[in-house]
Amino acid sequence: MREFLELLAVFAAIYLFDCIHWARRETVAFRTWWKRRAHVVAGEDMPGNQTHGIVFAQPLLPFGRVFLTQTFPLSLTKDGAVSFVSVATNPGPRPAQVGRRLRFDESFAVDRETRRVRAGGKLFVEAGSERLARRLVALIAELRALPASKRDARIDAEIKRALDVRAIEARVAAFGPATADLRGACTWELVLVFVLTPVAGIVYGLVHVWLPLLASLVLAQAFIVWAFVRAHKALFADEHSGRRGQAILMSLSPPVAMRALDALSRDLLVEFHPLAVARVMLGEEEFRTFAARVLRDAHHPLPLGREGTDADVAAAAESWRRRSVAALERFVRKQGVPDELWSAPPTREGDDCVSWCPRCLQQFTVPPGACARCWDLELSAF
């Protein structure tokens with residue numbers, strides 16, 4: 001019995017490990033804990049290193065969901081694509097980026113290796129998910145095939161698509177019905193492994209109940225794989241290879257199978273802008289707070305000096321920032337958010353506060369200088 005309990009402890013450790021999502025630092029996660037409104041987990045809220053952070057999902061099924069999003073990782077112009085953007089999660093630093101420039105009139109092969117997009121056999125950009133990487137490859141190919149005169153319109157259409165609230169609402173609405181059977185199966189297997197099995201082993205002895213328990217586990221495992229494949233087809237119809245690989249992994253590992261819902265929710269909204277996802281997932285007050293953070297960073301990005309960015313990359317990033325800022329402003333105004341929310345100075349915390357950071361809103365008792373938290377961004381005076 002002792003050996004069996006040790007095995008269960010190992011299962012529990014693997015299960016809890018699968019509740020941890022290792023994400024790129026620029027990821028913005030929307031997490032629900034007890035089926036309530038989602039909350040933002042991003043930037044400095046994620047423990048980790050300089051390039052990656054950790055997002056913890058609710059370990060108790062069927063409660064809680066986690067959706068991962070990411071600001072578009074490329075700066076696009078009618079002439080080319082640059083794997084560097086000046087925006088970053090606010091508050092928080094800007095993670096390291098490749099900073100490579102591709103001209104659309106040049107000859108190069110673009111392909112994908114899991115989450116990495118390569119151009120000419122070299123790394124171009126690392127996306128937060130395979131789904132987003134696949135989207136980037138398709139978009140670059142489409143822009144290269146278009147005449148230069150039509151690329152600006154296509155880029156604007158891509159920004160508009162990333163801010164499509166109705167499309168996000170439709171995806172979220174489809175997620176529940178598509179995963180209903182899977183949710184029940186995952187919950188049943190969790191109870192079977194961590195509740196019914198140890199109780200039955202203690203009460204009746206494992207020697208008498210191991211066969212029906214094993215049969216129940218195999219049946220539950222098979223049903224989860226079947227339900228996952230069906231839900232994946234409904235939500236991601238075109239992702240055949242990813243579906244096959246995940247199904248094989250789940251069939252071999254009960255702890256992984258129990259977290260099958262996370263495998264579906266994680267990338268459900270990855271191709272949409274975090275601000276548009278926030279409009280759907282957050283309450284009104286939290287959305288306004290998040291929108292103010294996003295717009296303040298967009299208007300006052302971290303200085304470029306630390307990356308050693310060359311002139312062409314910096315110019316493309318600035319062009320993309322201006323285009324994005326215009327689209328984001330139109331979006332939040334349409335949602336009824338006043339300009340003052342992201343442009344006005346903060347409420348003064350005391351008479352000795354004489355300056356403030358226009359990005360993170362920290363206040364200082366020294367004359368205008370620089371905000372160390374925001375990479376020496378110039379302060380504003382009250």
# chains A, B, ... in the order shown; residues from 1 in each chain; ligands from 1

call {"tool": "residues_around", "arguments": {"residues": "range 235-248 of chain A", "least_positions_apart": "4", "cutoff": "9 Å", "atoms": "only C-alpha atoms", "output": "ChimeraX atom specification"}}
result
/A:130-131,171,174-175,178,225-226,228-231,252-253,257,260,263-264,268

call {"tool": "residues_around", "arguments": {"residues": "Ile168 in chain A", "least_positions_apart": "6", "cutoff": "12 Å", "atoms": "only C-alpha atoms", "output": "count of residues only"}}
result
20

call {"tool": "closest_atom_pairs", "arguments": {"of": "range 264-305 of chain A", "to": "range 367-377 of chain A", "cutoff": "10 Å", "atoms": "only C-alpha atoms", "output": "Markdown table"}}
result
| residue | atom | partner | partner_atom | distance |
| --- | --- | --- | --- | --- |
| A:Asp297 | CA | A:Cys374 | CA | 9.8 |
| A:His300 | CA | A:Leu377 | CA | 8.1 |
| A:Pro301 | CA | A:Leu377 | CA | 8.2 |
| A:Leu302 | CA | A:Cys374 | CA | 6.0 |
| A:Pro303 | CA | A:Leu377 | CA | 6.3 |
| A:Leu304 | CA | A:Trp375 | CA | 8.8 |
| A:Gly305 | CA | A:Trp375 | CA | 8.7 |

call {"tool": "closest_residue", "arguments": {"among": "A:Thr51, A:Leu213, A:Leu282, A:Arg2", "to": "Arg37 in chain A", "atoms": "only C-alpha atoms"}}
result
A:Leu282

call {"tool": "closest_residue", "arguments": {"among": "A:Phe290, A:Phe108, A:Phe331, A:Trp320", "to": "Asp164 in chain A", "atoms": "only C-alpha atoms"}}
result
A:Phe331

call {"tool": "residues_around", "arguments": {"residues": "Arg348 in chain A", "least_positions_apart": "5", "cutoff": "10 Å", "atoms": "only C-alpha atoms", "output": "number ranges by chain"}}
result
A: 353-356, 363, 382

call {"tool": "write_last_selection", "arguments": {"atoms": "all heavy atoms", "output": "mmCIF file, in the first residue's frame"}}
result
data_model
loop_
_atom_site.group_PDB
_atom_site.id
_atom_site.type_symbol
_atom_site.label_atom_id
_atom_site.label_comp_id
_atom_site.auth_asym_id
_atom_site.auth_seq_id
_atom_site.Cartn_x
_atom_site.Cartn_y
_atom_site.Cartn_z
ATOM 1 N N CYS A 353 5.322 65.301 -3.940
ATOM 2 C CA CYS A 353 5.456 64.639 -5.245
ATOM 3 C C CYS A 353 5.475 65.702 -6.340
ATOM 4 O O CYS A 353 4.506 66.473 -6.489
ATOM 5 C CB CYS A 353 4.304 63.665 -5.487
ATOM 6 S SG CYS A 353 4.291 62.254 -4.363
ATOM 7 N N VAL A 354 6.560 65.743 -7.075
ATOM 8 C CA VAL A 354 6.713 66.813 -8.069
ATOM 9 C C VAL A 354 6.758 66.275 -9.498
ATOM 10 O O VAL A 354 6.686 67.060 -10.445
ATOM 11 C CB VAL A 354 7.991 67.641 -7.789
ATOM 12 C CG1 VAL A 354 7.894 68.334 -6.439
ATOM 13 C CG2 VAL A 354 9.236 66.753 -7.836
ATOM 14 N N SER A 355 6.896 64.942 -9.692
ATOM 15 C CA SER A 355 6.952 64.386 -11.039
ATOM 16 C C SER A 355 6.368 62.984 -11.046
ATOM 17 O O SER A 355 6.213 62.359 -9.998
ATOM 18 C CB SER A 355 8.395 64.379 -11.573
ATOM 19 O OG SER A 355 9.231 63.602 -10.728
ATOM 20 N N TRP A 356 6.076 62.483 -12.232
ATOM 21 C CA TRP A 356 5.460 61.169 -12.376
ATOM 22 C C TRP A 356 5.859 60.555 -13.704
ATOM 23 O O TRP A 356 6.207 61.249 -14.664
ATOM 24 C CB TRP A 356 3.940 61.259 -12.265
ATOM 25 C CG TRP A 356 3.318 62.194 -13.267
ATOM 26 C CD1 TRP A 356 3.316 63.564 -13.224
ATOM 27 C CD2 TRP A 356 2.610 61.833 -14.455
ATOM 28 N NE1 TRP A 356 2.658 64.087 -14.307
ATOM 29 C CE2 TRP A 356 2.208 63.047 -15.080
ATOM 30 C CE3 TRP A 356 2.267 60.621 -15.043
ATOM 31 C CZ2 TRP A 356 1.492 63.071 -16.272
ATOM 32 C CZ3 TRP A 356 1.556 60.647 -16.235
ATOM 33 C CH2 TRP A 356 1.170 61.856 -16.829
ATOM 34 N N GLN A 363 5.144 57.971 -8.832
ATOM 35 C CA GLN A 363 5.342 59.380 -8.511
ATOM 36 C C GLN A 363 6.663 59.560 -7.771
ATOM 37 O O GLN A 363 7.116 58.666 -7.042
ATOM 38 C CB GLN A 363 4.172 59.895 -7.678
ATOM 39 C CG GLN A 363 2.846 59.786 -8.408
ATOM 40 C CD GLN A 363 1.694 60.439 -7.670
ATOM 41 O OE1 GLN A 363 1.886 61.367 -6.870
ATOM 42 N NE2 GLN A 363 0.479 59.973 -7.948
ATOM 43 N N PHE A 382 4.364 67.557 -12.414
ATOM 44 C CA PHE A 382 2.981 67.909 -12.048
ATOM 45 C C PHE A 382 2.769 69.399 -12.321
ATOM 46 O O PHE A 382 3.678 70.216 -12.160
ATOM 47 C CB PHE A 382 2.736 67.614 -10.573
ATOM 48 C CG PHE A 382 2.385 66.168 -10.312
ATOM 49 C CD1 PHE A 382 3.295 65.332 -9.691
ATOM 50 C CD2 PHE A 382 1.163 65.640 -10.691
ATOM 51 C CE1 PHE A 382 2.989 63.995 -9.434
ATOM 52 C CE2 PHE A 382 0.847 64.321 -10.438
ATOM 53 C CZ PHE A 382 1.760 63.496 -9.814
#

call {"tool": "select_by_dssp", "arguments": {"residues": "range 123-243 of chain A", "states": "strand (DSSP E or B)", "output": "ChimeraX atom specification"}}
result
/A:123-126

call {"tool": "closest_residue", "arguments": {"among": "A:Arg296, A:Lys35, A:Arg359, A:Arg112", "to": "Leu328 in chain A", "atoms": "only C-alpha atoms"}}
result
A:Arg296

call {"tool": "select_by_dssp", "arguments": {"residues": "range 111-310 of chain A", "states": "helix (DSSP H, G or I)", "output": "NGL selection string"}}
result
:A and (130-145 or 148-162 or 165-178 or 180-204 or 206-235 or 240-252 or 254-258 or 260-265 or 274-281 or 284-299 or 305-307)

call {"tool": "residues_around", "arguments": {"residues": "range 144-151 of chain A", "least_positions_apart": "2", "cutoff": "10 Å", "atoms": "only C-alpha atoms", "output": "count of residues only"}}
result
20

call {"tool": "residues_around", "arguments": {"residues": "Gly121 in chain A", "least_positions_apart": "6", "cutoff": "9 Å", "atoms": "only C-alpha atoms", "output": "list in words"}}
result
Phe108, Ala109, Val110 and Asp111 of chain A

call {"tool": "write_last_selection", "arguments": {"atoms": "N, CA, C and O atoms", "output": "PDB file, in the first residue's frame"}}
result
ATOM      1  N   PHE A 108      13.251  34.820 -50.025  1.00  0.00           N
ATOM      2  CA  PHE A 108      13.600  34.024 -48.842  1.00  0.00           C
ATOM      3  C   PHE A 108      12.446  33.067 -48.554  1.00  0.00           C
ATOM      4  O   PHE A 108      11.287  33.341 -48.875  1.00  0.00           O
ATOM      5  N   ALA A 109      12.786  31.949 -47.981  1.00  0.00           N
ATOM      6  CA  ALA A 109      11.783  30.950 -47.619  1.00  0.00           C
ATOM      7  C   ALA A 109      11.366  31.162 -46.167  1.00  0.00           C
ATOM      8  O   ALA A 109      12.209  31.335 -45.292  1.00  0.00           O
ATOM      9  N   VAL A 110      10.065  31.166 -45.919  1.00  0.00           N
ATOM     10  CA  VAL A 110       9.528  31.323 -44.563  1.00  0.00           C
ATOM     11  C   VAL A 110       8.836  30.029 -44.165  1.00  0.00           C
ATOM     12  O   VAL A 110       7.969  29.528 -44.890  1.00  0.00           O
ATOM     13  N   ASP A 111       9.241  29.469 -43.033  1.00  0.00           N
ATOM     14  CA  ASP A 111       8.600  28.256 -42.550  1.00  0.00           C
ATOM     15  C   ASP A 111       8.476  28.322 -41.033  1.00  0.00           C
ATOM     16  O   ASP A 111       8.832  29.323 -40.413  1.00  0.00           O
TER      17      ASP A 111
END

call {"tool": "closest_residue", "arguments": {"among": "A:Arg323, A:Arg183, A:Arg306, A:Lys122", "to": "Pro95 in chain A", "atoms": "only C-alpha atoms"}}
result
A:Arg306

call {"tool": "decode", "arguments": {"residues": "range 112-130 of chain A", "atoms": "N, CA and C atoms", "output": "PDB file, in the first residue's frame"}}
result
ATOM      1  N   ARG A 112       7.961  27.246 -40.458  1.00  0.00           N
ATOM      2  CA  ARG A 112       7.688  27.225 -39.017  1.00  0.00           C
ATOM      3  C   ARG A 112       8.249  25.956 -38.412  1.00  0.00           C
ATOM      4  N   GLU A 113       8.835  26.086 -37.247  1.00  0.00           N
ATOM      5  CA  GLU A 113       9.303  24.947 -36.462  1.00  0.00           C
ATOM      6  C   GLU A 113       8.696  25.083 -35.077  1.00  0.00           C
ATOM      7  N   THR A 114       7.614  24.349 -34.829  1.00  0.00           N
ATOM      8  CA  THR A 114       6.785  24.497 -33.612  1.00  0.00           C
ATOM      9  C   THR A 114       6.384  25.972 -33.451  1.00  0.00           C
ATOM     10  N   ARG A 115       6.889  26.654 -32.422  1.00  0.00           N
ATOM     11  CA  ARG A 115       6.504  28.047 -32.194  1.00  0.00           C
ATOM     12  C   ARG A 115       7.444  29.059 -32.845  1.00  0.00           C
ATOM     13  N   ARG A 116       8.438  28.588 -33.515  1.00  0.00           N
ATOM     14  CA  ARG A 116       9.429  29.478 -34.119  1.00  0.00           C
ATOM     15  C   ARG A 116       9.165  29.666 -35.609  1.00  0.00           C
ATOM     16  N   VAL A 117       9.184  30.930 -36.027  1.00  0.00           N
ATOM     17  CA  VAL A 117       9.075  31.265 -37.446  1.00  0.00           C
ATOM     18  C   VAL A 117      10.479  31.542 -37.960  1.00  0.00           C
ATOM     19  N   ARG A 118      10.851  30.859 -39.032  1.00  0.00           N
ATOM     20  CA  ARG A 118      12.186  31.015 -39.597  1.00  0.00           C
ATOM     21  C   ARG A 118      12.094  31.622 -40.992  1.00  0.00           C
ATOM     22  N   ALA A 119      13.070  32.439 -41.324  1.00  0.00           N
ATOM     23  CA  ALA A 119      13.164  33.042 -42.650  1.00  0.00           C
ATOM     24  C   ALA A 119      14.574  32.817 -43.168  1.00  0.00           C
ATOM     25  N   GLY A 120      14.674  32.191 -44.336  1.00  0.00           N
ATOM     26  CA  GLY A 120      15.989  31.874 -44.872  1.00  0.00           C
ATOM     27  C   GLY A 120      16.773  30.920 -44.004  1.00  0.00           C
ATOM     28  N   GLY A 121      16.081  30.056 -43.269  1.00  0.00           N
ATOM     29  CA  GLY A 121      16.738  29.077 -42.415  1.00  0.00           C
ATOM     30  C   GLY A 121      17.172  29.605 -41.063  1.00  0.00           C
ATOM     31  N   LYS A 122      16.934  30.886 -40.786  1.00  0.00           N
ATOM     32  CA  LYS A 122      17.332  31.477 -39.511  1.00  0.00           C
ATOM     33  C   LYS A 122      16.104  31.953 -38.736  1.00  0.00           C
ATOM     34  N   LEU A 123      16.225  31.977 -37.424  1.00  0.00           N
ATOM     35  CA  LEU A 123      15.118  32.409 -36.578  1.00  0.00           C
ATOM     36  C   LEU A 123      14.714  33.843 -36.910  1.00  0.00           C
ATOM     37  N   PHE A 124      13.421  34.034 -37.128  1.00  0.00           N
ATOM     38  CA  PHE A 124      12.894  35.372 -37.374  1.00  0.00           C
ATOM     39  C   PHE A 124      12.122  35.889 -36.160  1.00  0.00           C
ATOM     40  N   VAL A 125      11.205  35.074 -35.656  1.00  0.00           N
ATOM     41  CA  VAL A 125      10.453  35.466 -34.467  1.00  0.00           C
ATOM     42  C   VAL A 125       9.979  34.205 -33.758  1.00  0.00           C
ATOM     43  N   GLU A 126       9.924  34.279 -32.424  1.00  0.00           N
ATOM     44  CA  GLU A 126       9.385  33.171 -31.630  1.00  0.00           C
ATOM     45  C   GLU A 126       8.042  33.599 -31.069  1.00  0.00           C
ATOM     46  N   ALA A 127       6.995  32.923 -31.498  1.00  0.00           N
ATOM     47  CA  ALA A 127       5.643  33.258 -31.066  1.00  0.00           C
ATOM     48  C   ALA A 127       5.307  32.548 -29.762  1.00  0.00           C
ATOM     49  N   GLY A 128       4.181  32.933 -29.175  1.00  0.00           N
ATOM     50  CA  GLY A 128       3.778  32.326 -27.922  1.00  0.00           C
ATOM     51  C   GLY A 128       3.114  30.980 -28.080  1.00  0.00           C
ATOM     52  N   SER A 129       2.752  30.604 -29.307  1.00  0.00           N
ATOM     53  CA  SER A 129       2.081  29.333 -29.530  1.00  0.00           C
ATOM     54  C   SER A 129       2.276  28.905 -30.979  1.00  0.00           C
ATOM     55  N   GLU A 130       2.061  27.619 -31.236  1.00  0.00           N
ATOM     56  CA  GLU A 130       2.149  27.116 -32.600  1.00  0.00           C
ATOM     57  C   GLU A 130       1.061  27.731 -33.475  1.00  0.00           C
TER      58      GLU A 130
END
